[in-house]
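Written below as structure tokens is the structure these notes are about.
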Amino acid sequence: MAIRQIIEAPDPRLKVISEPVEAVDDDLRQLMDDMAETMYAAPGIGLAAIQVGVPKRVLVLDISSDEEESDLRYFVNPQIVWTSNELAIYNEGCLSLPEYYAEVERPAACRVEYLDYDGNRHTLEASDLLSTCIQHECDHLEGILFVDHLSSLKRDMILRKLAKAKKLKAAE
Ligand code: NI
């Protein structure tokens, strides 16, 4: 396993639409292992492959708290097939937008179809934080960031600050 570098916004790679995975094989499992290690090291509760520069439809998630047992989940080719009419608001963050958080409104529950670490097909009905995380991560596969759900004023302010922080970092 290896920790990979997380791409931070603004970066054109984060806007790429990821490609479906054709086979859940050892190469893909290597990527998933690296993604899990990268997510835990960050630390974060979700990561899409494109955030480490791989445009494949793969996610890892673990929303368990520090006091709980780990609950690592892998989603290959996830497809949200249903969302509730009821909405929920969460204060979202993203490893690609470090240190920025904003309230985002999304469907409170969703149903997702996906393949797991071994390529087995599953359907999962999720609510609360898990539902939000699945939707947030699936957005990454379409090149969408949580700030894209905010007003353009708020989004531009956050992206400008991130761009400035990146420049400062590069100049160090
Ligand atoms: Ni994210």
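Every chain in the structure tokens has a letter given in the order shown (A, B, ...), and although residue numbers restart at 1 in each chain, ligands are simply numbered from 1 in the order shown.
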What does the list of residues within 6 Å of ligand 1 look like if you count only C-alpha atoms and all ligand atoms, written as a CSV table (one decimal) with all heavy atoms, in the first residue's frame?
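Generated output (pocket_33.csv):
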```csv
chain,number,residue,atom,x,y,z
A,94,CYS,N,-14.0,18.6,2.0
A,94,CYS,CA,-13.4,17.8,1.0
A,94,CYS,C,-11.9,17.8,1.0
A,94,CYS,O,-11.3,18.9,1.2
A,94,CYS,CB,-13.9,18.3,-0.4
A,94,CYS,SG,-13.3,17.4,-1.8
A,95,LEU,N,-11.3,16.6,0.9
A,95,LEU,CA,-9.8,16.6,0.9
A,95,LEU,C,-9.2,17.4,-0.2
A,95,LEU,O,-8.0,17.8,-0.1
A,95,LEU,CB,-9.3,15.1,0.9
A,95,LEU,CG,-9.7,14.3,2.1
A,95,LEU,CD1,-9.3,12.9,2.0
A,95,LEU,CD2,-9.1,14.9,3.4
A,137,GLU,N,-19.2,11.9,-3.0
A,137,GLU,CA,-18.2,11.2,-3.7
A,137,GLU,C,-18.6,10.9,-5.2
A,137,GLU,O,-17.8,11.0,-6.1
A,137,GLU,CB,-17.8,9.9,-3.0
A,137,GLU,CG,-17.2,10.1,-1.6
A,137,GLU,CD,-16.1,11.1,-1.5
A,137,GLU,OE1,-15.3,11.2,-2.5
A,137,GLU,OE2,-15.9,11.8,-0.5
```
**Residue neighbourhood Phe146 (chain A), 8 Å, only C-alpha atoms, exclusion window fewer than 5 positions, as a ChimeraX atom specification** = /A:92-94,104,136,139
**Item:** Residue list (helix (DSSP H, G or I), DSSP) for region 19-162 of chain A, as number ranges by chain
**Value:** A: 26-41, 49-52, 128-141, 146-149, 152-162
**Request:** Enter the distance from CA of Leu145 (chain A) to CA of Gly119 (chain A), in Å, rounded to one decimal.
**Result:** 26.9 Å
**Item:** Distance in Å - CA of Arg4 (chain A) versus CA of Glu172 (chain A)
**Value:**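 Separation between CA of Arg4 (chain A) and CA of Glu172 (chain A): 21.6 Å.
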**Complete:** One residue among A:Ser96, A:Phe75, A:Asn91, A:Asp118 is nearest to Asp26 (chain A) when using only C-alpha atoms, and that residue is A:Asp118
**Message:** I'd like the contact shell of Ile144 (chain A) - 9 Å cut-off, only C-alpha atoms, skipping same-chain residues fewer than 4 positions apart - returned as JSON, numbers by chain.
**Reply:** {"A": [14, 15, 16, 17, 136, 138, 139, 140, 148, 149]}
**Request:** Write down as number ranges by chain the residues of chain A whose backbone DSSP state falls under strand (DSSP E).
**Result:** A: 46-48, 58-61, 73-83, 87-92, 102-107, 109-115, 121-127
**Message:** Just to confirm, what's the straight-line distance from CA of Ala171 (chain A) to CA of Ile158 (chain A) in Å (one decimal)?
**Reply:**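 Computed distance, CA of Ala171 (chain A) to CA of Ile158 (chain A), equals 20.1 Å.
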**Asked** Which is closest to Pro43 (chain A) among A:Asp71, A:Asp116, A:Asp62, A:Glu8, if we use only C-alpha atoms?
**Response** A:Asp62
**Best match for closeness to Ala165 (chain A) among A:Ala102, A:Ala109, A:Ala9, A:Ala49, counting only C-alpha atoms** =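 With only C-alpha atoms as the atom set, the closest residue is A:Ala9.
The smallest atom-to-atom distance between Ile6 (chain A) and any of A:Gly53, A:Pro20, A:Gly143, A:Pro78, using only C-alpha atoms, is found for A:Gly53.
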**Item:** Of the listed residues A:Cys133, A:Ala126, A:Cys110, A:Ala36, that which approaches Tyr90 (chain A) most closely, counting only C-alpha atoms
**Value:** A:Cys133
**Item:** Exercise: Leu159 (chain A) partners within 9 Å, only C-alpha atoms, chain neighbours under 3 positions left out, as a PyMOL selection string
**Value:** chain A and resi 9-10+97+147+154-156+162-164
**Message:** Give me, as number ranges by chain, all polymer residues having an atom no more than 8 Å from Asn77 (chain A), counting only C-alpha atoms and skipping those fewer than 3 positions away in the same chain.
**Reply:** A: 20-21, 57-58, 114-115
**Asked** Out of A:Ile80, A:Ile89, A:Leu129, A:Val52, which residue has the shortest atom-to-atom distance to Glu113 (chain A) when counting only C-alpha atoms?
**Response**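 The shortest atom-to-atom distance to Glu113 (chain A) comes from A:Ile80.
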**Item:** Near-Leu130 (chain A) list (12 Å; only C-alpha atoms; drop same-chain fewer than 2 positions) as a PyMOL selection string
**Value:** chain A and resi 45-46+60-64+71-73+88+90+106-112+124-128+132-137
Grab the residues selected above and save them as a PDB file, in the first residue's frame with N, CA and C atoms.
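Result written to out-v2.pdb:
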```
ATOM      1  N   ILE A  45     -13.057  11.076   5.363  1.00  0.00           N
ATOM      2  CA  ILE A  45     -14.077  10.025   5.468  1.00  0.00           C
ATOM      3  C   ILE A  45     -14.512   9.514   4.097  1.00  0.00           C
ATOM      4  N   GLY A  46     -13.948  10.094   3.029  1.00  0.00           N
ATOM      5  CA  GLY A  46     -14.276   9.608   1.690  1.00  0.00           C
ATOM      6  C   GLY A  46     -13.262  10.108   0.695  1.00  0.00           C
ATOM      7  N   VAL A  60     -13.770   5.229  -2.001  1.00  0.00           N
ATOM      8  CA  VAL A  60     -13.649   4.576  -0.698  1.00  0.00           C
ATOM      9  C   VAL A  60     -14.298   5.501   0.331  1.00  0.00           C
ATOM     10  N   LEU A  61     -14.909   4.895   1.342  1.00  0.00           N
ATOM     11  CA  LEU A  61     -15.615   5.650   2.376  1.00  0.00           C
ATOM     12  C   LEU A  61     -15.419   4.965   3.723  1.00  0.00           C
ATOM     13  N   ASP A  62     -15.284   5.765   4.756  1.00  0.00           N
ATOM     14  CA  ASP A  62     -15.383   5.238   6.117  1.00  0.00           C
ATOM     15  C   ASP A  62     -15.869   6.374   6.998  1.00  0.00           C
ATOM     16  N   ILE A  63     -17.154   6.320   7.357  1.00  0.00           N
ATOM     17  CA  ILE A  63     -17.733   7.421   8.129  1.00  0.00           C
ATOM     18  C   ILE A  63     -17.768   7.117   9.623  1.00  0.00           C
ATOM     19  N   SER A  64     -17.136   6.021  10.038  1.00  0.00           N
ATOM     20  CA  SER A  64     -17.160   5.700  11.472  1.00  0.00           C
ATOM     21  C   SER A  64     -16.367   6.749  12.245  1.00  0.00           C
ATOM     22  N   ASP A  71     -15.238   1.152   9.362  1.00  0.00           N
ATOM     23  CA  ASP A  71     -16.323   0.704   8.502  1.00  0.00           C
ATOM     24  C   ASP A  71     -15.960   1.065   7.057  1.00  0.00           C
ATOM     25  N   LEU A  72     -14.862   0.487   6.613  1.00  0.00           N
ATOM     26  CA  LEU A  72     -14.347   0.823   5.286  1.00  0.00           C
ATOM     27  C   LEU A  72     -15.229   0.196   4.204  1.00  0.00           C
ATOM     28  N   ARG A  73     -15.653   1.032   3.267  1.00  0.00           N
ATOM     29  CA  ARG A  73     -16.493   0.556   2.159  1.00  0.00           C
ATOM     30  C   ARG A  73     -15.863   0.962   0.843  1.00  0.00           C
ATOM     31  N   ALA A  88     -31.622  17.099   3.184  1.00  0.00           N
ATOM     32  CA  ALA A  88     -30.864  17.240   4.427  1.00  0.00           C
ATOM     33  C   ALA A  88     -29.692  18.175   4.167  1.00  0.00           C
ATOM     34  N   TYR A  90     -25.850  19.230   5.364  1.00  0.00           N
ATOM     35  CA  TYR A  90     -24.647  18.889   6.114  1.00  0.00           C
ATOM     36  C   TYR A  90     -23.572  19.930   5.864  1.00  0.00           C
ATOM     37  N   ARG A 106     -28.795  18.333   0.111  1.00  0.00           N
ATOM     38  CA  ARG A 106     -28.905  17.203  -0.826  1.00  0.00           C
ATOM     39  C   ARG A 106     -30.086  16.334  -0.386  1.00  0.00           C
ATOM     40  N   PRO A 107     -30.508  15.394  -1.249  1.00  0.00           N
ATOM     41  CA  PRO A 107     -31.505  14.420  -0.812  1.00  0.00           C
ATOM     42  C   PRO A 107     -31.034  13.704   0.469  1.00  0.00           C
ATOM     43  N   ALA A 108     -31.964  13.523   1.414  1.00  0.00           N
ATOM     44  CA  ALA A 108     -31.597  12.949   2.710  1.00  0.00           C
ATOM     45  C   ALA A 108     -31.226  11.470   2.603  1.00  0.00           C
ATOM     46  N   ALA A 109     -31.823  10.781   1.620  1.00  0.00           N
ATOM     47  CA  ALA A 109     -31.547   9.352   1.470  1.00  0.00           C
ATOM     48  C   ALA A 109     -31.317   9.042  -0.008  1.00  0.00           C
ATOM     49  N   CYS A 110     -30.595   7.961  -0.250  1.00  0.00           N
ATOM     50  CA  CYS A 110     -30.377   7.545  -1.638  1.00  0.00           C
ATOM     51  C   CYS A 110     -30.195   6.032  -1.692  1.00  0.00           C
ATOM     52  N   ARG A 111     -30.382   5.506  -2.889  1.00  0.00           N
ATOM     53  CA  ARG A 111     -30.104   4.085  -3.126  1.00  0.00           C
ATOM     54  C   ARG A 111     -29.014   4.017  -4.179  1.00  0.00           C
ATOM     55  N   VAL A 112     -27.985   3.224  -3.902  1.00  0.00           N
ATOM     56  CA  VAL A 112     -26.842   3.152  -4.812  1.00  0.00           C
ATOM     57  C   VAL A 112     -26.551   1.701  -5.180  1.00  0.00           C
ATOM     58  N   LEU A 124     -27.447  -0.626  -2.003  1.00  0.00           N
ATOM     59  CA  LEU A 124     -27.424  -0.116  -0.635  1.00  0.00           C
ATOM     60  C   LEU A 124     -28.356   1.074  -0.526  1.00  0.00           C
ATOM     61  N   GLU A 125     -29.196   1.052   0.522  1.00  0.00           N
ATOM     62  CA  GLU A 125     -30.014   2.218   0.800  1.00  0.00           C
ATOM     63  C   GLU A 125     -29.342   2.969   1.956  1.00  0.00           C
ATOM     64  N   ALA A 126     -29.045   4.231   1.724  1.00  0.00           N
ATOM     65  CA  ALA A 126     -28.285   4.999   2.707  1.00  0.00           C
ATOM     66  C   ALA A 126     -29.066   6.227   3.122  1.00  0.00           C
ATOM     67  N   SER A 127     -28.875   6.631   4.387  1.00  0.00           N
ATOM     68  CA  SER A 127     -29.481   7.869   4.864  1.00  0.00           C
ATOM     69  C   SER A 127     -28.441   8.629   5.661  1.00  0.00           C
ATOM     70  N   ASP A 128     -28.828   9.825   6.098  1.00  0.00           N
ATOM     71  CA  ASP A 128     -27.968  10.644   6.947  1.00  0.00           C
ATOM     72  C   ASP A 128     -26.578  10.868   6.332  1.00  0.00           C
ATOM     73  N   THR A 132     -25.164  11.403   2.341  1.00  0.00           N
ATOM     74  CA  THR A 132     -24.483  12.633   1.905  1.00  0.00           C
ATOM     75  C   THR A 132     -23.107  12.321   1.328  1.00  0.00           C
ATOM     76  N   CYS A 133     -22.374  11.464   2.024  1.00  0.00           N
ATOM     77  CA  CYS A 133     -21.014  11.130   1.571  1.00  0.00           C
ATOM     78  C   CYS A 133     -21.051  10.425   0.216  1.00  0.00           C
ATOM     79  N   ILE A 134     -21.966   9.491   0.061  1.00  0.00           N
ATOM     80  CA  ILE A 134     -22.056   8.775  -1.218  1.00  0.00           C
ATOM     81  C   ILE A 134     -22.344   9.773  -2.339  1.00  0.00           C
ATOM     82  N   GLN A 135     -23.265  10.703  -2.086  1.00  0.00           N
ATOM     83  CA  GLN A 135     -23.598  11.693  -3.125  1.00  0.00           C
ATOM     84  C   GLN A 135     -22.422  12.635  -3.395  1.00  0.00           C
ATOM     85  N   HIS A 136     -21.736  13.045  -2.341  1.00  0.00           N
ATOM     86  CA  HIS A 136     -20.565  13.916  -2.487  1.00  0.00           C
ATOM     87  C   HIS A 136     -19.494  13.218  -3.330  1.00  0.00           C
ATOM     88  N   GLU A 137     -19.235  11.944  -3.005  1.00  0.00           N
ATOM     89  CA  GLU A 137     -18.178  11.220  -3.716  1.00  0.00           C
ATOM     90  C   GLU A 137     -18.591  10.898  -5.159  1.00  0.00           C
TER      91      GLU A 137
END
```
